[in-house]
Amino acid sequence: MSTTVTEKSTAPAAPVGELVTSYVGRIRGGNMGALPSVIALVVLSVVFWIARPVFMTQGNIANLFTQGAAIAVIAMGLIFVLLLGEIDLSAGFTSGVCAAVLAVLLTDKGWPWYSAVLVSLLTGVVIGLVIGAIVVKIGVPSFVVTLAAFLALQGVALKIMDNGRNISIHDETILAVANKNVPPLLGWAMYAVLLAGFAFIQYRKSRARTQLGLTGETAAVVALRIAAVAIVAGVAVAILNDERSRNPEINSLQGMPIVVPIIVALLLLWTFVLNRTSFGRHIYAVGGNVEAARRAGIPVDRIKISAFVLCSTMAAVGGLIAASRANSVDPNTGGSDVLLTAVGAAVIGGTSLFGGRGRMLDAVLGAAVVAVINNGMGLMGYSAGTKFVVTGFVLLLAAGVDALSRKRSLPGS
């Protein structure tokens, strides 16, 4: 009697040199990912640090996080739409309308903060649902629909705020989002939990590839990646936990801003949705080829409408953060350059305008680049006009890199 033993197929881990060669090959093939935005972030930070040493002080670094928070969140929502090859030009004023709804319910109606936040988010859901339905069911291009919404929502915001009044927010919970800090000990606890989770995911991912017979990564490569994240995140937490008040006896300023863990939580949530769920895979499939996705049985219409809903809902969250930082809401909330900066953040971070390529991390990296430009040039005394010119140039450069990368990735290029 014979016994058959079934073993899982395994593959040897790829050496570091082979992984580096593979990465360089992907870059040459047009898949540059977030590399340009990371390089831009490092170069700009070093330049501003040399020009104005105050740029790297604890207080200014904390200010950078709160400066770019609302833009990063709105850009996260835009990622869903951009991955489909669509656009939402109304996201900025959607955030303004939702912030206005929040302010009116809190200040004029006296609602508790949780009820006001819920209604504000539902307002974003309704706006996205209407936009998505018109785009998908009627067939009007998203550019036209969202441009019309861009104009209409300005009027809605004015109506809500009685044609232009400023509404102050006094709710301590809402104000704390962008103006208060996490206790240092809690900040280190969050760091430890996130680092442990990241290490576990990296280990599981490498082991799963090996068990499936795919080329895995050596333990040294995995450890190096974990160490890099540990160092960068650890330095950030240490800097933010340091005392940054000039008069700590009167008003102590320690700990990371509360908005930082909120952004991290949203980043982890939507990264999981895009990478680990069928909805996320369908988003990429529809963005890559609509007809192929439809023939594969993917509910294209439902995916598109859902993307617009998520975009507007995240815009509502961005409006809440902006209102918290300003302590008030006015007709300019969500206006001015908010939309263009948010779209620019997504593209600068590495998301393709042609659909099918991008990650949620792109929104955060791009928003960081924009925040660094605005903050650094402000410290150097440059005017708002100069900031717009530089940001526009960086956006054009990022879009150009995206176009060239896509061209190089085409067969026969």
# chains A, B, ... in the order shown; residues from 1 in each chain; ligands from 1

call {"tool": "select_by_dssp", "arguments": {"residues": "range 192-394 of chain A", "states": "helix (DSSP H, G or I)", "output": "number ranges by chain"}}
result
A: 192-211, 219-241, 259-276, 278-288, 290-295, 300-326, 338-349, 360-379, 384-394

call {"tool": "closest_atom_pairs", "arguments": {"of": "range 154-220 of chain A", "to": "range 240-248 of chain A", "cutoff": "9 Å", "atoms": "only C-alpha atoms", "output": "CSV"}}
result
residue,atom,partner,partner_atom,distance
A:Val182,CA,A:Asn241,CA,8.8
A:Pro183,CA,A:Asn241,CA,8.0
A:Pro184,CA,A:Asn241,CA,5.3
A:Leu185,CA,A:Asn241,CA,8.6
A:Gly187,CA,A:Asn241,CA,7.8
A:Trp188,CA,A:Asn241,CA,8.8

call {"tool": "closest_residue", "arguments": {"among": "A:Leu102, A:Gly350, A:Ala133, A:Met377", "to": "Leu365 in chain A", "atoms": "only C-alpha atoms"}}
result
A:Gly350

call {"tool": "closest_residue", "arguments": {"among": "A:Thr271, A:Thr173, A:Asn60, A:Ser306", "to": "Ile131 in chain A", "atoms": "only C-alpha atoms"}}
result
A:Ser306

call {"tool": "residues_around", "arguments": {"residues": "Ser37 in chain A", "least_positions_apart": "5", "cutoff": "9 Å", "atoms": "only C-alpha atoms", "output": "mmCIF file with N, CA, C and O atoms, in the first residue's frame"}}
result
data_model
loop_
_atom_site.group_PDB
_atom_site.id
_atom_site.type_symbol
_atom_site.label_atom_id
_atom_site.label_comp_id
_atom_site.auth_asym_id
_atom_site.auth_seq_id
_atom_site.Cartn_x
_atom_site.Cartn_y
_atom_site.Cartn_z
ATOM 1 N N VAL A 42 11.299 65.005 -1.097
ATOM 2 C CA VAL A 42 12.606 65.056 -0.439
ATOM 3 C C VAL A 42 13.395 66.282 -0.890
ATOM 4 O O VAL A 42 13.948 67.032 -0.063
ATOM 5 N N ILE A 348 -0.047 64.470 -8.894
ATOM 6 C CA ILE A 348 1.348 64.604 -8.481
ATOM 7 C C ILE A 348 1.800 63.363 -7.724
ATOM 8 O O ILE A 348 2.934 62.903 -7.847
ATOM 9 N N GLY A 349 0.884 62.782 -6.954
ATOM 10 C CA GLY A 349 1.217 61.583 -6.192
ATOM 11 C C GLY A 349 1.450 60.359 -7.046
ATOM 12 O O GLY A 349 2.072 59.390 -6.595
ATOM 13 N N GLY A 350 0.943 60.365 -8.288
ATOM 14 C CA GLY A 350 1.200 59.238 -9.182
ATOM 15 C C GLY A 350 -0.024 58.594 -9.796
ATOM 16 O O GLY A 350 0.095 57.637 -10.565
ATOM 17 N N ASP A 362 -1.145 57.759 -3.135
ATOM 18 C CA ASP A 362 -0.813 58.863 -4.033
ATOM 19 C C ASP A 362 -1.417 60.177 -3.552
ATOM 20 O O ASP A 362 -0.801 61.245 -3.674
ATOM 21 N N LEU A 365 0.724 61.505 -0.590
ATOM 22 C CA LEU A 365 2.031 61.992 -1.044
ATOM 23 C C LEU A 365 1.893 63.283 -1.842
ATOM 24 O O LEU A 365 2.663 64.232 -1.656
ATOM 25 N N GLY A 366 0.911 63.318 -2.742
ATOM 26 C CA GLY A 366 0.693 64.526 -3.534
ATOM 27 C C GLY A 366 0.293 65.714 -2.682
ATOM 28 O O GLY A 366 0.768 66.837 -2.894
ATOM 29 N N VAL A 369 3.331 67.103 -1.038
ATOM 30 C CA VAL A 369 4.139 67.933 -1.942
ATOM 31 C C VAL A 369 3.536 69.333 -2.059
ATOM 32 O O VAL A 369 4.244 70.344 -1.962
ATOM 33 N N ALA A 398 4.058 66.505 -13.479
ATOM 34 C CA ALA A 398 3.545 65.190 -13.077
ATOM 35 C C ALA A 398 2.658 64.588 -14.153
ATOM 36 O O ALA A 398 2.741 63.385 -14.454
#

call {"tool": "residues_around", "arguments": {"residues": "Thr313 in chain A", "least_positions_apart": "4", "cutoff": "6 Å", "atoms": "only C-alpha atoms", "output": "JSON, numbers by chain"}}
result
{"A": [121, 124, 125]}

call {"tool": "write_last_selection", "arguments": {"atoms": "N, CA and C atoms", "output": "compact mmCIF listing (two decimals), in the first residue's frame"}}
result
# COMPACT_ATOMS: atom_id res chain seq x y z
N LEU A 121 -22.37 64.13 6.12
CA LEU A 121 -21.88 63.03 5.28
C LEU A 121 -22.97 62.52 4.34
N GLY A 124 -23.15 64.63 1.33
CA GLY A 124 -22.15 64.23 0.34
C GLY A 124 -22.57 63.00 -0.43
N VAL A 125 -23.17 62.03 0.25
CA VAL A 125 -23.65 60.81 -0.42
C VAL A 125 -24.70 61.15 -1.47

call {"tool": "residues_around", "arguments": {"residues": "Val222 in chain A", "least_positions_apart": "6", "cutoff": "8 Å", "atoms": "only C-alpha atoms", "output": "list in words"}}
result
Gln202, Tyr203 and Ser206 of chain A

call {"tool": "write_last_selection", "arguments": {"atoms": "N, CA, C and O atoms", "output": "CSV table (one decimal), in the first residue's frame"}}
result
chain,number,residue,atom,x,y,z
A,202,GLN,N,3.5,42.3,5.8
A,202,GLN,CA,4.6,42.1,4.9
A,202,GLN,C,5.1,40.6,5.0
A,202,GLN,O,5.4,40.0,4.0
A,203,TYR,N,5.1,40.1,6.2
A,203,TYR,CA,5.5,38.7,6.4
A,203,TYR,C,4.5,37.8,5.7
A,203,TYR,O,4.9,36.8,5.0
A,206,SER,N,4.8,37.9,1.9
A,206,SER,CA,6.0,37.2,1.3
A,206,SER,C,5.8,35.7,1.4
A,206,SER,O,6.1,35.0,0.5

call {"tool": "closest_atom_pairs", "arguments": {"of": "range 335-366 of chain A", "to": "range 383-393 of chain A", "cutoff": "10 Å", "atoms": "only C-alpha atoms", "output": "Markdown table"}}
result
| residue | atom | partner | partner_atom | distance |
| --- | --- | --- | --- | --- |
| A:Asp337 | CA | A:Phe388 | CA | 9.0 |
| A:Leu340 | CA | A:Gly392 | CA | 9.4 |
| A:Thr341 | CA | A:Thr391 | CA | 8.4 |
| A:Gly344 | CA | A:Gly392 | CA | 8.3 |
| A:Ala345 | CA | A:Thr391 | CA | 9.8 |
| A:Ile348 | CA | A:Thr391 | CA | 9.8 |

call {"tool": "closest_residue", "arguments": {"among": "A:Phe55, A:Trp111, A:Phe65, A:Phe150", "to": "Leu339 in chain A", "atoms": "only C-alpha atoms"}}
result
A:Phe150

call {"tool": "closest_residue", "arguments": {"among": "A:Asn332, A:Thr57, A:Ser142, A:Gln211", "to": "Ile167 in chain A", "atoms": "only C-alpha atoms"}}
result
A:Asn332

call {"tool": "closest_residue", "arguments": {"among": "A:Val97, A:Ile226, A:Ile262, A:Ala40", "to": "Leu395 in chain A", "atoms": "only C-alpha atoms"}}
result
A:Ala40

call {"tool": "closest_residue", "arguments": {"among": "A:Leu129, A:Asn179, A:Arg302, A:Val104", "to": "Leu253 in chain A", "atoms": "only C-alpha atoms"}}
result
A:Asn179

call {"tool": "atom_distance", "arguments": {"atom1": "CA of Pro261 in chain A", "atom2": "CA of Thr94 in chain A"}}
result
23.5 Å

call {"tool": "residues_around", "arguments": {"residues": "Val101 in chain A", "least_positions_apart": "3", "cutoff": "8 Å", "atoms": "only C-alpha atoms", "output": "PDB file with all heavy atoms, in the first residue's frame"}}
result
ATOM      1  N   VAL A  97     -20.339  72.838   0.668  1.00  0.00           N
ATOM      2  CA  VAL A  97     -21.765  72.682   0.987  1.00  0.00           C
ATOM      3  C   VAL A  97     -21.938  71.801   2.217  1.00  0.00           C
ATOM      4  O   VAL A  97     -22.730  72.119   3.120  1.00  0.00           O
ATOM      5  CB  VAL A  97     -22.527  72.085  -0.224  1.00  0.00           C
ATOM      6  CG1 VAL A  97     -23.913  71.628   0.186  1.00  0.00           C
ATOM      7  CG2 VAL A  97     -22.623  73.114  -1.340  1.00  0.00           C
ATOM      8  N   CYS A  98     -21.203  70.706   2.276  1.00  0.00           N
ATOM      9  CA  CYS A  98     -21.316  69.799   3.427  1.00  0.00           C
ATOM     10  C   CYS A  98     -20.821  70.471   4.705  1.00  0.00           C
ATOM     11  O   CYS A  98     -21.388  70.256   5.794  1.00  0.00           O
ATOM     12  CB  CYS A  98     -20.536  68.523   3.163  1.00  0.00           C
ATOM     13  SG  CYS A  98     -21.205  67.521   1.804  1.00  0.00           S
ATOM     14  N   VAL A 104     -24.398  75.040  10.048  1.00  0.00           N
ATOM     15  CA  VAL A 104     -25.772  75.493  10.331  1.00  0.00           C
ATOM     16  C   VAL A 104     -26.420  74.612  11.394  1.00  0.00           C
ATOM     17  O   VAL A 104     -27.067  75.104  12.333  1.00  0.00           O
ATOM     18  CB  VAL A 104     -26.618  75.499   9.036  1.00  0.00           C
ATOM     19  CG1 VAL A 104     -28.100  75.657   9.365  1.00  0.00           C
ATOM     20  CG2 VAL A 104     -26.162  76.614   8.110  1.00  0.00           C
ATOM     21  N   LEU A 105     -26.250  73.308  11.271  1.00  0.00           N
ATOM     22  CA  LEU A 105     -26.864  72.396  12.232  1.00  0.00           C
ATOM     23  C   LEU A 105     -26.242  72.545  13.622  1.00  0.00           C
ATOM     24  O   LEU A 105     -26.944  72.469  14.638  1.00  0.00           O
ATOM     25  CB  LEU A 105     -26.713  70.950  11.753  1.00  0.00           C
ATOM     26  CG  LEU A 105     -27.494  70.583  10.481  1.00  0.00           C
ATOM     27  CD1 LEU A 105     -27.226  69.134  10.087  1.00  0.00           C
ATOM     28  CD2 LEU A 105     -28.990  70.811  10.674  1.00  0.00           C
ATOM     29  N   ALA A 116     -24.978  66.173  13.450  1.00  0.00           N
ATOM     30  CA  ALA A 116     -24.615  67.133  12.403  1.00  0.00           C
ATOM     31  C   ALA A 116     -23.617  66.519  11.424  1.00  0.00           C
ATOM     32  O   ALA A 116     -23.724  66.708  10.204  1.00  0.00           O
ATOM     33  CB  ALA A 116     -24.036  68.400  13.034  1.00  0.00           C
ATOM     34  N   VAL A 119     -25.476  63.987   9.092  1.00  0.00           N
ATOM     35  CA  VAL A 119     -26.260  64.654   8.036  1.00  0.00           C
ATOM     36  C   VAL A 119     -25.323  65.268   6.991  1.00  0.00           C
ATOM     37  O   VAL A 119     -25.605  65.234   5.783  1.00  0.00           O
ATOM     38  CB  VAL A 119     -27.184  65.734   8.640  1.00  0.00           C
ATOM     39  CG1 VAL A 119     -27.865  66.538   7.537  1.00  0.00           C
ATOM     40  CG2 VAL A 119     -28.230  65.092   9.535  1.00  0.00           C
ATOM     41  N   SER A 120     -24.196  65.812   7.440  1.00  0.00           N
ATOM     42  CA  SER A 120     -23.227  66.380   6.506  1.00  0.00           C
ATOM     43  C   SER A 120     -22.689  65.303   5.567  1.00  0.00           C
ATOM     44  O   SER A 120     -22.583  65.515   4.345  1.00  0.00           O
ATOM     45  CB  SER A 120     -22.073  67.021   7.287  1.00  0.00           C
ATOM     46  OG  SER A 120     -21.074  67.497   6.414  1.00  0.00           O
ATOM     47  N   ILE A 160     -27.488  78.381   1.733  1.00  0.00           N
ATOM     48  CA  ILE A 160     -27.420  77.809   3.081  1.00  0.00           C
ATOM     49  C   ILE A 160     -26.892  78.837   4.074  1.00  0.00           C
ATOM     50  O   ILE A 160     -27.358  78.922   5.220  1.00  0.00           O
ATOM     51  CB  ILE A 160     -26.530  76.548   3.092  1.00  0.00           C
ATOM     52  CG1 ILE A 160     -27.188  75.426   2.281  1.00  0.00           C
ATOM     53  CG2 ILE A 160     -26.269  76.081   4.520  1.00  0.00           C
ATOM     54  CD1 ILE A 160     -26.325  74.197   2.123  1.00  0.00           C
TER      55      ILE A 160
END
